$ cat structure_21.pdb   # PDB, C-alpha atoms
ATOM      1  CA  MET A 125       2.267  37.908  10.344
ATOM      2  CA  LYS A 126       1.675  34.987  12.684
ATOM      3  CA  ASN A 127       0.834  31.602  11.171
ATOM      4  CA  ASN A 128      -2.603  30.514  12.432
ATOM      5  CA  MET A 129      -1.969  26.830  11.671
ATOM      6  CA  THR A 130      -1.016  24.745  14.663
ATOM      7  CA  GLN A 131       2.176  22.913  13.848
ATOM      8  CA  ALA A 132       2.333  19.308  15.015
ATOM      9  CA  ALA A 133       5.293  18.150  17.020
ATOM     10  CA  THR A 134       7.886  16.435  14.858
ATOM     11  CA  LYS A 135      10.689  13.950  15.246
ATOM     12  CA  VAL A 136      13.692  13.526  12.987
ATOM     13  CA  LEU A 137      14.081  10.040  11.526
ATOM     14  CA  THR A 138      17.151   9.005   9.587
ATOM     15  CA  ALA A 139      17.707   6.227   7.080
ATOM     16  CA  HIS A 140      20.591   5.170   4.920
ATOM     17  CA  VAL A 141      19.422   4.867   1.317
ATOM     18  CA  PRO A 142      21.317   4.013  -1.852
ATOM     19  CA  LEU A 143      22.782   7.043  -3.615
ATOM     20  CA  SER A 144      20.634   6.377  -6.694
ATOM     21  CA  MET A 145      17.474   6.581  -4.562
ATOM     22  CA  ALA A 146      18.660   9.772  -2.864
ATOM     23  CA  ASP A 147      19.396  11.261  -6.284
ATOM     24  CA  LYS A 148      15.871  10.431  -7.461
ATOM     25  CA  VAL A 149      14.401  12.063  -4.340
ATOM     26  CA  ASP A 150      16.455  15.182  -5.039
ATOM     27  CA  GLN A 151      15.371  15.197  -8.701
ATOM     28  CA  MET A 152      11.712  14.888  -7.702
ATOM     29  CA  ALA A 153      12.072  17.619  -5.116
ATOM     30  CA  ALA A 154      13.555  19.941  -7.729
ATOM     31  CA  ARG A 155      10.926  19.044 -10.340
ATOM     32  CA  LEU A 156       8.069  19.584  -7.883
ATOM     33  CA  GLU A 157       9.723  22.612  -6.286
ATOM     34  CA  ARG A 158       9.411  20.974  -2.878
ATOM     35  CA  SER A 159      11.915  20.126  -0.193
ATOM     36  CA  ARG A 160      13.541  16.735   0.204
ATOM     37  CA  GLY A 161      11.750  16.473   3.565
ATOM     38  CA  TRP A 162       8.365  17.073   1.928
ATOM     39  CA  ILE A 163       9.045  14.303  -0.610
ATOM     40  CA  MET A 164      10.083  11.924   2.176
ATOM     41  CA  LYS A 165       6.965  12.735   4.239
ATOM     42  CA  GLN A 166       4.744  12.084   1.213
ATOM     43  CA  ALA A 167       6.431   8.755   0.542
ATOM     44  CA  LEU A 168       6.278   7.668   4.166
ATOM     45  CA  SER A 169       2.632   8.725   4.480
ATOM     46  CA  ALA A 170       1.709   6.688   1.391
ATOM     47  CA  TRP A 171       3.577   3.628   2.688
ATOM     48  CA  ILE A 172       1.935   3.873   6.116
ATOM     49  CA  ALA A 173      -1.519   4.157   4.502
ATOM     50  CA  GLN A 174      -0.770   1.120   2.327
ATOM     51  CA  GLU A 175       0.344  -0.952   5.316
ATOM     52  CA  GLU A 176      -2.694   0.115   7.353
ATOM     53  CA  ASP A 177      -4.958  -0.940   4.461
ATOM     54  CA  ARG A 178      -3.121  -4.260   4.161
ATOM     55  CA  ASP A 179      -3.573  -4.893   7.892
ATOM     56  CA  ARG A 180      -7.264  -3.917   7.773
ATOM     57  CA  LEU A 181      -7.909  -6.228   4.815
ATOM     58  CA  THR A 182      -6.046  -9.073   6.534
ATOM     59  CA  GLN A 183      -8.144  -8.627   9.680
ATOM     60  CA  GLU A 184     -11.340  -8.599   7.585
ATOM     61  CA  ALA A 185     -10.248 -11.767   5.779
ATOM     62  CA  LEU A 186      -9.451 -13.509   9.066
ATOM     63  CA  ALA A 187     -12.872 -12.509  10.399
ATOM     64  CA  ASP A 188     -14.450 -14.060   7.286
ATOM     65  CA  VAL A 189     -12.515 -17.269   7.906
ATOM     66  CA  ASP A 190     -13.647 -17.312  11.549
ATOM     67  CA  ALA A 191     -17.246 -16.822  10.348
ATOM     68  CA  GLY A 192     -16.902 -19.712   7.904
ATOM     69  CA  LEU A 193     -17.189 -17.462   4.861
ATOM     70  CA  VAL A 194     -14.674 -19.364   2.761
ATOM     71  CA  ILE A 195     -14.602 -21.160  -0.577
ATOM     72  CA  ASP A 196     -13.253 -24.696  -0.775
ATOM     73  CA  HIS A 197      -9.777 -24.879  -2.312
ATOM     74  CA  GLN A 198     -10.714 -27.766  -4.594
ATOM     75  CA  ALA A 199     -13.655 -25.754  -5.975
ATOM     76  CA  VAL A 200     -11.383 -22.814  -6.754
ATOM     77  CA  GLN A 201      -8.761 -25.096  -8.323
ATOM     78  CA  ALA A 202     -11.377 -26.829 -10.490
ATOM     79  CA  TRP A 203     -12.705 -23.435 -11.622
ATOM     80  CA  ALA A 204      -9.182 -22.173 -12.415
ATOM     81  CA  ASP A 205      -8.380 -25.357 -14.325
ATOM     82  CA  SER A 206     -11.542 -24.906 -16.399
ATOM     83  CA  LEU A 207     -10.608 -21.413 -17.576
ATOM     84  CA  GLY A 208      -9.785 -21.331 -21.268
ATOM     85  CA  THR A 209     -11.509 -24.642 -21.928
ATOM     86  CA  ASN A 210     -14.778 -25.346 -23.709
ATOM     87  CA  GLN A 211     -16.411 -26.242 -20.384
ATOM     88  CA  GLN A 212     -15.626 -23.337 -18.080
ATOM     89  CA  LEU A 213     -17.124 -23.696 -14.616
ATOM     90  CA  PRO A 214     -18.974 -20.833 -12.948
ATOM     91  CA  VAL A 215     -17.042 -18.780 -10.392
ATOM     92  CA  PRO A 216     -17.256 -20.619  -7.063
ATOM     93  CA  ARG A 217     -19.196 -18.793  -4.364
TER      94      ARG A 217
END
$ encode --input "structure_21.pdb" --output "structure tokens"
Amino acid sequence: MKNNMTQAATKVLTAHVPLSMADKVDQMAARLERSRGWIMKQALSAWIAQEEDRDRLTQEALADVDAGLVIDHQAVQAWADSLGTNQQLPVPR
């Protein structure tokens, strides 16, 4: 039976990892009944998504700075210093 899914082109990447990390990957692969390659693809996909989110959030923050949407450092420091005291300041906005 022919597989109807179109398989994406792939490229082999190699990395030297500590033996303890490789052992953990193998243990996870066995526990999940998946291949080592599947585990590595999942891990790499999660890391790429995390880095893309980090970059997106950084770009959004820089756009806020460019638009002047910032809070004065002294106001934040005064608020932080007031936490846990009897005269807590409102969150600076």
$ atom_distance --input "structure_21.pdb" --atom1 "CA of Ile195 in chain A" --atom2 "CA of Thr182 in chain A"
16.4 Å
$ resolve_selection --input "structure_21.pdb" --expression "the PyMOL selection byres ((chain A and resi 138-150) around 8)" --output "PyMOL selection string"
chain A and resi 136-137+151-154+160+163-164
$ residues_around --input "structure_21.pdb" --residues "Ala204 in chain A" --least-positions-apart "6" --cutoff "10 Å" --atoms "only C-alpha atoms" --output "list of chain:residue names"
A:Gln198, A:Gln212, A:Leu213, A:Pro214, A:Val215, A:Pro216
$ atom_distance --input "structure_21.pdb" --atom1 "CA of Thr134 in chain A" --atom2 "CA of Ala170 in chain A"
17.7 Å
$ closest_residue --input "structure_21.pdb" --among "A:Leu168, A:Glu176, A:Arg217, A:Gln131" --to "His197 in chain A" --atoms "all atoms listed in the file"
A:Arg217
$ atom_distance --input "structure_21.pdb" --atom1 "CA of Ala133 in chain A" --atom2 "CA of Ile172 in chain A"
18.3 Å
$ axis_aligned_box --input "structure_21.pdb" --around "range 190-199 of chain A" --padding-each-side "6 Å" --output "AutoDock Vina command-line options"
--center_x -13.5 --center_y -22.3 --center_z 2.8 --size_x 19.5 --size_y 22.9 --size_z 29.5
